[in-house]
>>> print(open('start-v3.txt').read())   # compact mmCIF, C-alpha atoms and all ligand atoms
# COMPACT_ATOMS: atom_id res chain seq x y z
CA MET A 1 4.86 24.45 4.73
CA SER A 2 2.92 21.54 6.18
CA THR A 3 4.82 18.79 7.94
CA ILE A 4 3.61 15.25 7.43
CA LEU A 5 4.60 12.22 9.49
CA LEU A 6 4.68 8.98 7.50
CA THR A 7 4.52 5.93 9.77
CA GLY A 8 6.02 2.92 8.03
CA GLY A 9 7.80 5.62 6.04
CA ALA A 10 10.57 3.43 4.60
CA GLY A 11 8.10 0.92 3.09
CA TYR A 12 6.99 0.39 -0.49
CA ILE A 13 3.95 2.67 -0.75
CA ALA A 14 5.23 5.21 1.80
CA SER A 15 8.52 5.80 -0.05
CA HIS A 16 6.62 6.59 -3.26
CA THR A 17 4.26 8.83 -1.32
CA ALA A 18 7.27 10.62 0.20
CA VAL A 19 8.43 11.53 -3.32
CA VAL A 20 5.02 12.93 -4.27
CA LEU A 21 4.64 14.87 -1.00
CA GLN A 22 8.13 16.38 -1.14
CA GLN A 23 7.57 17.37 -4.76
CA ALA A 24 4.28 19.02 -3.74
CA GLY A 25 6.13 21.12 -1.15
CA PHE A 26 5.45 19.18 2.06
CA ARG A 27 8.08 18.49 4.68
CA VAL A 28 8.23 14.72 5.22
CA ILE A 29 9.22 12.93 8.43
CA ALA A 30 9.47 9.14 8.10
CA LEU A 31 9.12 6.87 11.11
CA ASP A 32 9.75 3.14 10.75
CA ASN A 33 11.03 0.24 12.83
CA LEU A 34 12.49 -1.28 9.62
CA VAL A 35 10.87 -4.66 10.30
CA ASN A 36 10.04 -4.96 6.59
CA SER A 37 12.13 -2.26 4.93
CA SER A 38 15.49 -0.56 4.65
CA GLU A 39 16.57 3.03 5.23
CA GLU A 40 18.13 2.84 1.77
CA SER A 41 14.66 3.51 0.28
CA LEU A 42 14.68 6.95 1.89
CA ARG A 43 18.18 7.74 0.65
CA ARG A 44 16.85 6.92 -2.81
CA VAL A 45 13.83 9.19 -2.26
CA ALA A 46 16.28 12.00 -1.49
CA GLN A 47 18.17 11.17 -4.68
CA ILE A 48 14.95 11.55 -6.69
CA THR A 49 13.67 14.74 -5.07
CA GLY A 50 16.93 16.41 -4.06
CA GLN A 51 15.56 16.80 -0.53
CA ALA A 52 16.55 14.76 2.51
CA VAL A 53 13.83 12.84 4.34
CA GLU A 54 14.09 13.06 8.10
CA PHE A 55 14.15 9.49 9.42
CA ILE A 56 13.28 8.25 12.90
CA LYS A 57 13.80 4.61 13.72
CA ALA A 58 10.95 3.85 16.11
CA ASP A 59 8.00 1.56 16.64
CA ILE A 60 4.42 2.86 16.56
CA ARG A 61 3.69 0.72 19.62
CA ASP A 62 6.20 2.79 21.63
CA ALA A 63 4.18 5.75 22.99
CA ASP A 64 7.23 7.53 24.45
CA ALA A 65 9.08 7.39 21.15
CA LEU A 66 6.01 8.80 19.39
CA ARG A 67 5.66 11.60 21.96
CA GLU A 68 9.25 12.59 21.33
CA VAL A 69 8.57 12.84 17.60
CA PHE A 70 5.42 14.95 18.06
CA ASN A 71 7.25 17.21 20.51
CA ARG A 72 10.26 17.63 18.24
CA PHE A 73 8.42 18.40 14.98
CA ALA A 74 5.31 20.53 14.42
CA ILE A 75 3.39 17.76 12.67
CA ASP A 76 0.22 18.77 10.85
CA ALA A 77 -0.99 15.34 9.72
CA VAL A 78 -0.07 11.67 9.81
CA VAL A 79 -0.19 9.23 6.92
CA HIS A 80 -0.32 5.89 8.67
CA PHE A 81 1.24 3.08 6.60
CA ALA A 82 2.97 1.15 9.39
CA GLY A 83 1.79 -2.41 9.81
CA LEU A 84 2.32 -6.01 8.84
CA LYS A 85 0.70 -7.23 5.62
CA ALA A 86 1.37 -10.91 4.93
CA VAL A 87 -1.99 -12.68 4.87
CA GLY A 88 -0.57 -16.21 5.32
CA GLU A 89 1.67 -15.18 8.23
CA SER A 90 -1.28 -13.45 9.90
CA THR A 91 -3.15 -16.75 10.15
CA GLN A 92 -0.10 -18.28 11.90
CA LEU A 93 0.68 -15.29 14.12
CA PRO A 94 -2.65 -13.54 14.73
CA LEU A 95 -1.58 -11.91 18.02
CA LYS A 96 1.45 -10.36 16.36
CA TYR A 97 -0.79 -8.87 13.66
CA TYR A 98 -3.31 -7.50 16.16
CA ASP A 99 -0.43 -6.09 18.21
CA TYR A 100 1.39 -4.34 15.35
CA ASN A 101 -1.65 -3.25 13.38
CA VAL A 102 -4.46 -2.69 15.88
CA ALA A 103 -2.63 -1.94 19.15
CA GLY A 104 -0.05 0.08 17.18
CA THR A 105 -2.78 2.24 15.67
CA VAL A 106 -4.48 2.76 19.04
CA THR A 107 -1.17 3.91 20.56
CA LEU A 108 -0.54 6.22 17.61
CA CYS A 109 -4.02 7.80 17.88
CA GLN A 110 -3.68 8.21 21.65
CA VAL A 111 -0.43 10.12 21.26
CA MET A 112 -1.87 12.16 18.38
CA ALA A 113 -4.87 13.14 20.54
CA GLU A 114 -2.54 14.04 23.42
CA CYS A 115 -0.48 16.24 21.10
CA ASN A 116 -3.57 17.70 19.43
CA VAL A 117 -2.74 16.37 15.97
CA LYS A 118 -6.07 15.07 14.68
CA GLN A 119 -5.52 14.52 10.97
CA ILE A 120 -4.80 11.03 9.72
CA VAL A 121 -4.82 9.17 6.42
CA PHE A 122 -5.01 5.44 7.00
CA SER A 123 -3.79 2.63 4.69
CA SER A 124 -6.71 0.26 4.51
CA SER A 125 -7.28 -2.40 1.88
CA ALA A 126 -9.85 -3.87 -0.47
CA THR A 127 -9.49 -6.91 1.77
CA VAL A 128 -12.15 -5.30 4.04
CA TYR A 129 -14.76 -6.20 1.40
CA GLY A 130 -14.14 -9.93 1.94
CA ALA A 131 -15.75 -11.90 -0.87
CA ALA A 132 -17.78 -9.02 -2.30
CA ALA A 133 -21.13 -9.98 -3.77
CA GLU A 134 -20.99 -7.34 -6.52
CA VAL A 135 -18.34 -5.71 -8.71
CA PRO A 136 -17.36 -2.97 -9.14
CA ILE A 137 -17.09 -2.63 -5.38
CA HIS A 138 -18.56 0.53 -3.91
CA GLU A 139 -17.43 2.01 -0.56
CA ARG A 140 -20.85 1.19 0.89
CA ALA A 141 -20.48 -2.55 0.20
CA PRO A 142 -20.69 -4.70 3.34
CA ARG A 143 -17.40 -5.31 5.09
CA SER A 144 -16.04 -8.61 6.35
CA ALA A 145 -12.70 -10.32 6.68
CA THR A 146 -11.46 -13.83 6.19
CA ASN A 147 -8.08 -13.71 7.95
CA PRO A 148 -6.41 -11.84 10.84
CA TYR A 149 -4.70 -9.36 8.49
CA GLY A 150 -8.07 -8.41 6.99
CA GLN A 151 -9.67 -8.36 10.44
CA SER A 152 -6.98 -5.98 11.67
CA LYS A 153 -7.75 -3.51 8.85
CA LEU A 154 -11.48 -3.77 9.50
CA MET A 155 -10.99 -3.30 13.25
CA ILE A 156 -8.88 -0.20 12.67
CA GLU A 157 -11.56 1.26 10.40
CA LEU A 158 -14.15 0.70 13.16
CA ILE A 159 -11.85 2.21 15.79
CA LEU A 160 -11.33 5.31 13.66
CA GLU A 161 -15.11 5.62 13.15
CA ASP A 162 -15.65 5.47 16.93
CA LEU A 163 -12.92 8.03 17.46
CA VAL A 164 -14.57 10.49 15.08
CA ALA A 165 -18.01 9.83 16.61
CA ALA A 166 -16.59 10.71 20.04
CA ASP A 167 -14.62 13.73 18.84
CA PRO A 168 -15.83 15.18 15.51
CA SER A 169 -12.85 17.52 15.32
CA TRP A 170 -10.79 14.60 13.94
CA ARG A 171 -10.19 14.52 10.17
CA VAL A 172 -9.77 10.97 8.92
CA ALA A 173 -9.38 9.56 5.40
CA VAL A 174 -9.50 5.78 5.06
CA LEU A 175 -7.90 4.74 1.77
CA ARG A 176 -8.79 1.24 0.59
CA TYR A 177 -6.07 0.22 -1.80
CA PHE A 178 -6.77 -2.38 -4.46
CA ASN A 179 -3.61 -4.07 -5.85
CA PRO A 180 -0.61 -1.74 -5.81
CA VAL A 181 2.10 -2.57 -8.37
CA GLY A 182 4.91 -0.88 -10.29
CA ALA A 183 7.58 1.51 -9.15
CA HIS A 184 8.82 5.07 -9.55
CA GLU A 185 9.88 5.60 -13.15
CA SER A 186 13.50 6.26 -12.10
CA GLY A 187 13.82 2.60 -11.08
CA LEU A 188 15.44 3.81 -7.84
CA ILE A 189 12.61 2.80 -5.48
CA GLY A 190 10.19 -0.10 -5.67
CA GLU A 191 8.75 -3.11 -3.88
CA ASP A 192 11.34 -5.20 -2.05
CA PRO A 193 9.62 -8.24 -0.57
CA ASN A 194 11.36 -10.46 1.96
CA GLY A 195 11.76 -14.07 0.83
CA ILE A 196 9.27 -15.62 -1.56
CA PRO A 197 6.78 -12.99 -2.74
CA ASN A 198 3.12 -13.64 -1.88
CA ASN A 199 1.82 -11.22 -4.47
CA LEU A 200 1.59 -11.69 -8.20
CA MET A 201 3.61 -8.78 -9.59
CA PRO A 202 6.82 -9.21 -7.57
CA PHE A 203 6.63 -12.92 -8.31
CA ILE A 204 6.41 -12.28 -12.07
CA SER A 205 9.37 -9.85 -11.82
CA GLN A 206 11.49 -12.41 -9.96
CA VAL A 207 10.73 -15.08 -12.55
CA ALA A 208 11.68 -12.64 -15.32
CA VAL A 209 15.00 -11.78 -13.63
CA GLY A 210 15.80 -15.48 -13.19
CA LYS A 211 15.46 -15.72 -9.40
CA ARG A 212 12.50 -18.12 -9.64
CA GLU A 213 11.92 -20.79 -12.22
CA GLN A 214 8.27 -20.21 -13.05
CA LEU A 215 5.10 -18.55 -11.90
CA GLN A 216 2.37 -20.70 -10.45
CA VAL A 217 -0.99 -19.43 -11.65
CA PHE A 218 -3.47 -20.16 -8.88
CA GLY A 219 -6.52 -21.62 -10.62
CA SER A 220 -7.83 -21.46 -14.19
CA ASP A 221 -11.43 -22.43 -13.47
CA TYR A 222 -12.77 -19.13 -12.12
CA PRO A 223 -15.83 -17.67 -13.83
CA THR A 224 -13.70 -15.07 -15.69
CA GLN A 225 -12.85 -14.60 -19.37
CA ASP A 226 -9.75 -16.84 -19.24
CA GLY A 227 -10.50 -18.68 -15.98
CA THR A 228 -7.81 -16.90 -13.92
CA GLY A 229 -8.46 -14.42 -11.08
CA VAL A 230 -9.22 -10.80 -11.93
CA ARG A 231 -7.90 -7.86 -9.87
CA ASP A 232 -7.68 -4.09 -10.00
CA TYR A 233 -3.95 -3.37 -10.31
CA ILE A 234 -2.99 0.22 -9.62
CA HIS A 235 0.35 1.93 -10.26
CA VAL A 236 1.99 2.88 -6.97
CA MET A 237 2.55 6.46 -8.19
CA ASP A 238 -1.20 6.84 -8.78
CA LEU A 239 -1.71 5.52 -5.27
CA ALA A 240 0.89 7.96 -3.93
CA ASN A 241 -0.99 10.83 -5.59
CA GLY A 242 -4.16 9.62 -3.88
CA HIS A 243 -2.49 10.35 -0.51
CA LEU A 244 -1.61 13.87 -1.57
CA GLN A 245 -5.21 14.47 -2.63
CA ALA A 246 -6.52 12.95 0.60
CA LEU A 247 -4.35 15.33 2.65
CA ARG A 248 -5.66 18.27 0.62
CA TYR A 249 -9.22 17.05 1.18
CA LEU A 250 -8.67 16.80 4.95
CA GLN A 251 -7.50 20.41 5.08
CA LYS A 252 -11.11 21.32 4.23
CA HIS A 253 -13.18 18.56 5.86
CA HIS A 254 -13.83 17.17 9.34
CA GLY A 255 -15.10 13.68 10.09
CA ILE A 256 -14.24 10.38 8.42
CA GLU A 257 -14.55 9.24 4.79
CA ALA A 258 -13.45 6.01 3.13
CA PHE A 259 -12.22 5.97 -0.47
CA ASN A 260 -11.46 3.15 -2.87
CA LEU A 261 -8.15 3.68 -4.64
CA GLY A 262 -8.20 1.54 -7.77
CA THR A 263 -8.44 2.09 -11.51
CA GLY A 264 -11.87 0.52 -11.84
CA GLN A 265 -10.47 -1.86 -14.43
CA GLY A 266 -9.91 -5.58 -13.83
CA TYR A 267 -7.11 -7.67 -15.37
CA SER A 268 -6.65 -11.43 -15.12
CA VAL A 269 -3.47 -13.19 -14.03
CA LEU A 270 -2.81 -14.17 -17.64
CA ASP A 271 -3.42 -10.57 -18.79
CA MET A 272 -0.66 -9.51 -16.39
CA VAL A 273 1.76 -12.20 -17.57
CA LYS A 274 1.11 -11.28 -21.19
CA ALA A 275 1.45 -7.52 -20.62
CA PHE A 276 4.70 -8.04 -18.68
CA SER A 277 6.32 -10.33 -21.24
CA GLU A 278 5.20 -8.37 -24.31
CA THR A 279 6.01 -4.90 -22.95
CA ASN A 280 9.40 -5.93 -21.59
CA ASP A 281 10.17 -8.50 -24.27
CA ILE A 282 11.02 -11.17 -21.75
CA ALA A 283 9.64 -14.66 -21.15
CA VAL A 284 7.62 -15.41 -18.02
CA PRO A 285 7.18 -19.19 -17.84
CA TYR A 286 4.16 -20.29 -15.88
CA GLN A 287 2.25 -23.34 -14.80
CA ILE A 288 -1.42 -23.58 -13.84
CA VAL A 289 -1.92 -25.03 -10.36
CA ASP A 290 -4.82 -25.30 -7.92
CA ARG A 291 -6.65 -22.26 -6.60
CA ARG A 292 -5.10 -20.53 -3.56
CA PRO A 293 -7.43 -20.92 -0.58
CA GLY A 294 -9.14 -17.66 0.32
CA ASP A 295 -8.85 -16.07 -3.15
CA VAL A 296 -11.89 -14.50 -4.78
CA ALA A 297 -12.60 -14.72 -8.52
CA VAL A 298 -13.01 -11.03 -9.32
CA CYS A 299 -12.24 -7.84 -7.42
CA TYR A 300 -12.20 -4.31 -8.82
CA ALA A 301 -13.13 -0.89 -7.56
CA ASP A 302 -15.82 1.62 -8.18
CA ALA A 303 -13.49 4.60 -7.83
CA THR A 304 -16.11 7.29 -8.50
CA LYS A 305 -16.04 8.67 -4.97
CA ALA A 306 -12.30 9.35 -5.00
CA ARG A 307 -12.61 10.93 -8.43
CA GLN A 308 -15.39 13.23 -7.27
CA LEU A 309 -14.38 14.12 -3.71
CA LEU A 310 -10.60 13.88 -3.92
CA ASP A 311 -10.32 15.19 -7.48
CA TRP A 312 -8.05 12.22 -8.15
CA GLN A 313 -7.74 10.08 -11.23
CA THR A 314 -5.35 7.32 -12.20
CA GLN A 315 -2.90 8.27 -14.93
CA TYR A 316 -0.74 5.19 -15.39
CA SER A 317 -1.67 2.36 -17.78
CA LEU A 318 -1.09 -1.36 -17.52
CA VAL A 319 1.95 -0.94 -19.78
CA ASP A 320 3.37 1.68 -17.37
CA MET A 321 2.82 -0.69 -14.43
CA VAL A 322 4.65 -3.66 -15.94
CA ARG A 323 7.40 -1.52 -17.52
CA ASP A 324 8.16 0.28 -14.26
CA ALA A 325 7.99 -2.92 -12.18
CA TRP A 326 10.54 -4.50 -14.51
CA ARG A 327 12.86 -1.47 -14.57
CA TRP A 328 13.04 -1.53 -10.76
CA GLN A 329 13.62 -5.31 -10.67
CA ARG A 330 16.23 -5.26 -13.44
CA GLN A 331 18.18 -2.35 -11.88
CA ASN A 332 17.91 -3.83 -8.35
CA PRO A 333 17.89 -7.62 -8.63
CA GLU A 334 18.60 -7.87 -4.88
CA GLY A 335 16.25 -5.05 -3.92
CA TYR A 336 17.82 -2.62 -1.46
CA ARG A 337 20.33 -5.18 -0.18
CA GLN A 338 23.93 -4.39 -1.09
CA ILE A 339 25.59 -6.84 -3.41
CA ASP A 340 29.38 -6.86 -2.75
P1 LIG B 1 5.60 -2.31 3.58
O1 LIG B 1 5.82 -3.50 4.43
O2 LIG B 1 6.58 -2.01 2.50
O3 LIG B 1 5.44 -1.00 4.50
C1 LIG B 1 5.03 -1.04 5.84
C2 LIG B 1 6.12 -0.41 6.67
O4 LIG B 1 5.73 -0.38 8.04
C3 LIG B 1 7.45 -1.18 6.61
O5 LIG B 1 8.48 -0.29 6.25
C4 LIG B 1 7.64 -1.71 8.03
O6 LIG B 1 8.99 -1.80 8.39
C5 LIG B 1 6.86 -0.68 8.84
N1 LIG B 1 6.34 -1.17 10.13
C6 LIG B 1 5.66 -2.31 10.38
N2 LIG B 1 5.33 -2.39 11.68
C7 LIG B 1 5.79 -1.25 12.26
C8 LIG B 1 5.75 -0.75 13.59
N3 LIG B 1 5.18 -1.44 14.58
N4 LIG B 1 6.32 0.44 13.84
C9 LIG B 1 6.91 1.15 12.84
N5 LIG B 1 6.99 0.72 11.57
C10 LIG B 1 6.43 -0.46 11.29
O7 LIG B 1 4.13 -2.43 2.96
P2 LIG B 1 3.36 -1.54 1.91
O8 LIG B 1 2.99 -2.44 0.80
O9 LIG B 1 4.09 -0.29 1.63
O10 LIG B 1 2.02 -1.26 2.73
C11 LIG B 1 1.82 -0.06 3.47
C12 LIG B 1 0.46 -0.14 4.12
O11 LIG B 1 -0.54 -0.33 3.13
C13 LIG B 1 0.30 -1.30 5.11
O12 LIG B 1 -0.48 -0.87 6.19
C14 LIG B 1 -0.46 -2.35 4.29
O13 LIG B 1 -1.22 -3.19 5.10
C15 LIG B 1 -1.35 -1.46 3.44
N6 LIG B 1 -1.77 -2.11 2.19
C16 LIG B 1 -0.84 -2.61 1.33
C17 LIG B 1 -1.24 -3.26 0.17
C18 LIG B 1 -0.23 -3.85 -0.79
O14 LIG B 1 -0.61 -4.65 -1.63
N7 LIG B 1 1.03 -3.50 -0.74
C19 LIG B 1 -2.60 -3.36 -0.12
C20 LIG B 1 -3.52 -2.83 0.77
C21 LIG B 1 -3.09 -2.19 1.93
C1 LIG B 2 -3.62 -10.29 -1.60
C2 LIG B 2 -4.22 -10.55 -0.24
C3 LIG B 2 -4.98 -9.32 0.21
C4 LIG B 2 -4.05 -8.10 0.21
C5 LIG B 2 -3.47 -7.94 -1.20
C6 LIG B 2 -2.51 -6.82 -1.30
C7 LIG B 2 -4.65 -12.97 -0.14
C8 LIG B 2 -5.70 -14.03 -0.12
N1 LIG B 2 -5.10 -11.70 -0.31
O1 LIG B 2 -4.67 -10.00 -2.52
O2 LIG B 2 -5.49 -9.50 1.50
O3 LIG B 2 -4.77 -6.93 0.56
O4 LIG B 2 -2.79 -9.16 -1.56
O5 LIG B 2 -1.33 -7.10 -0.59
O6 LIG B 2 -3.46 -13.24 0.02
N2 LIG B 2 -1.59 -15.15 -8.07
C9 LIG B 2 -1.08 -16.22 -8.78
N3 LIG B 2 0.19 -16.65 -8.48
C10 LIG B 2 0.96 -16.05 -7.51
C11 LIG B 2 0.43 -14.96 -6.80
C12 LIG B 2 -0.86 -14.53 -7.09
O7 LIG B 2 -1.74 -16.77 -9.65
O8 LIG B 2 2.10 -16.50 -7.28
C13 LIG B 2 -2.94 -14.65 -8.41
C14 LIG B 2 -3.94 -14.70 -7.26
O9 LIG B 2 -4.62 -15.92 -7.23
C15 LIG B 2 -4.86 -13.51 -7.62
C16 LIG B 2 -3.92 -12.52 -8.32
O10 LIG B 2 -2.80 -13.30 -8.77
O11 LIG B 2 -5.84 -13.91 -8.54
C17 LIG B 2 -3.41 -11.41 -7.42
O12 LIG B 2 -2.86 -11.99 -6.24
P1 LIG B 2 -2.11 -11.12 -5.13
O13 LIG B 2 -1.10 -10.22 -5.77
O14 LIG B 2 -1.63 -12.04 -4.07
O15 LIG B 2 -3.26 -10.16 -4.58
P2 LIG B 2 -4.70 -10.53 -3.96
O16 LIG B 2 -4.91 -11.98 -3.91
O17 LIG B 2 -5.69 -9.71 -4.69
>>> encode(input="start-v3.txt", output="structure tokens")
Amino acid sequence: MSTILLTGGAGYIASHTAVVLQQAGFRVIALDNLVNSSEESLRRVAQITGQAVEFIKADIRDADALREVFNRFAIDAVVHFAGLKAVGESTQLPLKYYDYNVAGTVTLCQVMAECNVKQIVFSSSATVYGAAAEVPIHERAPRSATNPYGQSKLMIELILEDLVAADPSWRVAVLRYFNPVGAHESGLIGEDPNGIPNNLMPFISQVAVGKREQLQVFGSDYPTQDGTGVRDYIHVMDLANGHLQALRYLQKHHGIEAFNLGTGQGYSVLDMVKAFSETNDIAVPYQIVDRRPGDVAVCYADATKARQLLDWQTQYSLVDMVRDAWRWQRQNPEGYRQID
């Protein structure tokens, strides 16, 4: 049985990936400093799969703590989710983002090399395409970034490319996620943002549950069918399956490959509001406001490469995404925090 280390293992995408990996027969070790998550997510994973997840509270920037983990467990591969992801905060605290994301990844790779573990799946983002000139976006599209968060993802991609060029025995899969949404169908695990959500889907869910008065729709004058921004929303369980397929791919391939993980289908902000309210039979009041600085009009993936090389295909529909997001929100109005 292969043993997989998930850095950032208690987070949103990692917890769903832990379910998929355990159900596929992998042993999962989760490492997290809990800066943006709770250990409760992993207890819930165990509830879903019937298998405990080994948890280590540690920081990826702490080389000694990482060494201890690699010495204690015979780790075959790392899925590297750990990092900070708030775009706005990254413009205020760029050094913190470069420290956690870039320096953290360098430390992780150094310890991996030392311990002769050279298989890694990295959580990148469609943000590395900047304002793409063409949609659907292909993996070969030029990369650029417009904020420190995006820069950190781009820098890490370049670092991993250099690492493989210097030592071709590494096996690296770079997964560029489009817009992850939804939750496991049990409603036991899901996205649990701190404070006011930055992203559309958790914001819609919090309006629906009555925590926020209304959604602000950022701009209705984009060159799209209804004037609102278009994105490639992907169910988090489809994304989780993409990690399983990437690990299987790495068992057979050396070198580095980047893959878009999206559905290839774009939906507007108003499409999302409509799908959420109609599927769940609940009102989502909204107001159109100015565009959010830095947003692009349209972004969706060409996911052909992942389909062909990873033998991966999305299975969840828009209705599944909004239904599962709402089930999680309704069952856990305070996320993982205990309500006494
Ligand atoms: P998340 O915040 O839920 O998960 C990240 C986890 O990493 C958290 O549990 C956090 O506590 C942990 N962490 C942060 N810094 C750490 C450190 N120094 N040491 C150890 N643990 C640390 O976010 P997520 O949405 O699950 O995202 C996972 C990864 O995917 C991130 O790298 C993110 O940038 C990337 N990504 C996310 C999205 C998205 O929309 N959610 C899109 C593209 C890429
Ligand atoms: C954002 C980040 C991106 C990151 C991605 C996933 C920015 C500029 N980009 O992308 O780097 O990789 O999240 O975490 O922050 N919207 C509203 N009202 C809201 C929230 C969003 O109308 O309250 C709109 C946005 O204008 C956009 C769409 O909904 O058109 C999706 O927004 P969001 O969920 O924040 O994702 P991205 O902007 O695609």
>>> closest_residue(input="start-v3.txt", among="A:Gln92, A:Ser123, A:Thr228, A:Ser2", to="A:Arg292", atoms="all atoms listed in the file")
A:Thr228
>>> atom_distance(input="start-v3.txt", atom1="atom O2 of ligand LIG 1 (chain B)", atom2="atom CA of A:Leu215")
22.0 Å
>>> closest_atom_pairs(input="start-v3.txt", of="chain A", to="ligand LIG 1 (chain B)", cutoff="6 Å", atoms="all atoms listed in the file", output="tab-separated table")
residue	atom	partner	partner_atom	distance
A:Gly8	CA	B:LIG1	O4	3.3
A:Gly9	CA	B:LIG1	O5	6.0
A:Ala10	CA	B:LIG1	O5	4.6
A:Gly11	CA	B:LIG1	O2	3.4
A:Tyr12	CA	B:LIG1	O9	3.7
A:Ile13	CA	B:LIG1	O9	3.8
A:Ala14	CA	B:LIG1	O9	5.6
A:Asp32	CA	B:LIG1	N5	3.8
A:Asn33	CA	B:LIG1	C9	4.2
A:Leu34	CA	B:LIG1	O6	3.7
A:Val35	CA	B:LIG1	O6	3.9
A:Asn36	CA	B:LIG1	O6	3.8
A:Ser37	CA	B:LIG1	O5	4.4
A:Ala58	CA	B:LIG1	C9	5.9
A:Asp59	CA	B:LIG1	N4	3.5
A:Ile60	CA	B:LIG1	N4	4.1
A:Arg61	CA	B:LIG1	N3	5.7
A:Phe81	CA	B:LIG1	C12	4.1
A:Ala82	CA	B:LIG1	O4	3.4
A:Gly83	CA	B:LIG1	C6	3.9
A:Leu84	CA	B:LIG1	C6	5.2
A:Lys85	CA	B:LIG1	O13	4.5
A:Tyr100	CA	B:LIG1	N3	4.8
A:Ser123	CA	B:LIG1	O11	4.7
A:Ser124	CA	B:LIG1	C21	5.1
A:Ser125	CA	B:LIG1	C20	3.9
A:Tyr177	CA	B:LIG1	C20	4.7
A:Asn179	CA	B:LIG1	O14	5.2
A:Pro180	CA	B:LIG1	O14	5.1
>>> closest_residue(input="start-v3.txt", among="A:Ser169, A:Thr304, A:Gln110, A:Thr146", to="A:Ala258", atoms="all atoms listed in the file")
A:Thr304
>>> closest_residue(input="start-v3.txt", among="A:Ser220, A:Thr17, A:Asn260, A:Gln22", to="A:Ala141", atoms="only C-alpha atoms")
A:Asn260
>>> residues_near_ligand(input="start-v3.txt", ligand="ligand LIG 2 (chain B)", cutoff="7 Å", atoms="all atoms listed in the file", output="PyMOL selection string")
chain A and resi 85+87-88+125-127+150+178-179+198-201+203+215-219+228-231+269+291-292+294-295+297
>>> closest_residue(input="start-v3.txt", among="A:Arg307, A:Arg323, A:Lys96, A:Arg67", to="A:Ser277", atoms="all atoms listed in the file")
A:Arg323
>>> closest_residue(input="start-v3.txt", among="A:Val174, A:Val69, A:Met1, A:Val135", to="A:Phe259", atoms="all atoms listed in the file")
A:Val174
>>> residues_near_point(input="start-v3.txt", point="(-16.1, 14.7, 10.2)", cutoff="8 Å", atoms="all atoms listed in the file", output="CSV table (one decimal) with C-alpha atoms, in the coordinates of the input")
chain,number,residue,atom,x,y,z
A,164,VAL,CA,-14.6,10.5,15.1
A,168,PRO,CA,-15.8,15.2,15.5
A,169,SER,CA,-12.8,17.5,15.3
A,170,TRP,CA,-10.8,14.6,13.9
A,171,ARG,CA,-10.2,14.5,10.2
A,172,VAL,CA,-9.8,11.0,8.9
A,253,HIS,CA,-13.2,18.6,5.9
A,254,HIS,CA,-13.8,17.2,9.3
A,255,GLY,CA,-15.1,13.7,10.1
A,256,ILE,CA,-14.2,10.4,8.4
A,257,GLU,CA,-14.6,9.2,4.8
>>> closest_residue(input="start-v3.txt", among="A:Tyr97, A:Phe276, A:Trp312, A:Phe73", to="A:Val117", atoms="all atoms listed in the file")
A:Phe73
>>> residues_around(input="start-v3.txt", residues="A:Gln151", least_positions_apart="3", cutoff="12 Å", atoms="all atoms listed in the file", output="PyMOL selection string")
chain A and resi 85+87+90-91+94-95+97-98+101-102+124-130+143-148+154-158
>>> write_last_selection(input="start-v3.txt", atoms="C-alpha atoms", output="PDB file, in the frame of the given file")
ATOM      1  CA  LYS A  85       0.700  -7.230   5.620  1.00  0.00           C
ATOM      2  CA  VAL A  87      -1.990 -12.680   4.870  1.00  0.00           C
ATOM      3  CA  SER A  90      -1.280 -13.450   9.900  1.00  0.00           C
ATOM      4  CA  THR A  91      -3.150 -16.750  10.150  1.00  0.00           C
ATOM      5  CA  PRO A  94      -2.650 -13.540  14.730  1.00  0.00           C
ATOM      6  CA  LEU A  95      -1.580 -11.910  18.020  1.00  0.00           C
ATOM      7  CA  TYR A  97      -0.790  -8.870  13.660  1.00  0.00           C
ATOM      8  CA  TYR A  98      -3.310  -7.500  16.160  1.00  0.00           C
ATOM      9  CA  ASN A 101      -1.650  -3.250  13.380  1.00  0.00           C
ATOM     10  CA  VAL A 102      -4.460  -2.690  15.880  1.00  0.00           C
ATOM     11  CA  SER A 124      -6.710   0.260   4.510  1.00  0.00           C
ATOM     12  CA  SER A 125      -7.280  -2.400   1.880  1.00  0.00           C
ATOM     13  CA  ALA A 126      -9.850  -3.870  -0.470  1.00  0.00           C
ATOM     14  CA  THR A 127      -9.490  -6.910   1.770  1.00  0.00           C
ATOM     15  CA  VAL A 128     -12.150  -5.300   4.040  1.00  0.00           C
ATOM     16  CA  TYR A 129     -14.760  -6.200   1.400  1.00  0.00           C
ATOM     17  CA  GLY A 130     -14.140  -9.930   1.940  1.00  0.00           C
ATOM     18  CA  ARG A 143     -17.400  -5.310   5.090  1.00  0.00           C
ATOM     19  CA  SER A 144     -16.040  -8.610   6.350  1.00  0.00           C
ATOM     20  CA  ALA A 145     -12.700 -10.320   6.680  1.00  0.00           C
ATOM     21  CA  THR A 146     -11.460 -13.830   6.190  1.00  0.00           C
ATOM     22  CA  ASN A 147      -8.080 -13.710   7.950  1.00  0.00           C
ATOM     23  CA  PRO A 148      -6.410 -11.840  10.840  1.00  0.00           C
ATOM     24  CA  LEU A 154     -11.480  -3.770   9.500  1.00  0.00           C
ATOM     25  CA  MET A 155     -10.990  -3.300  13.250  1.00  0.00           C
ATOM     26  CA  ILE A 156      -8.880  -0.200  12.670  1.00  0.00           C
ATOM     27  CA  GLU A 157     -11.560   1.260  10.400  1.00  0.00           C
ATOM     28  CA  LEU A 158     -14.150   0.700  13.160  1.00  0.00           C
TER      29      LEU A 158
END
>>> atom_distance(input="start-v3.txt", atom1="atom CA of A:His243", atom2="atom CA of A:Tyr336")
24.1 Å
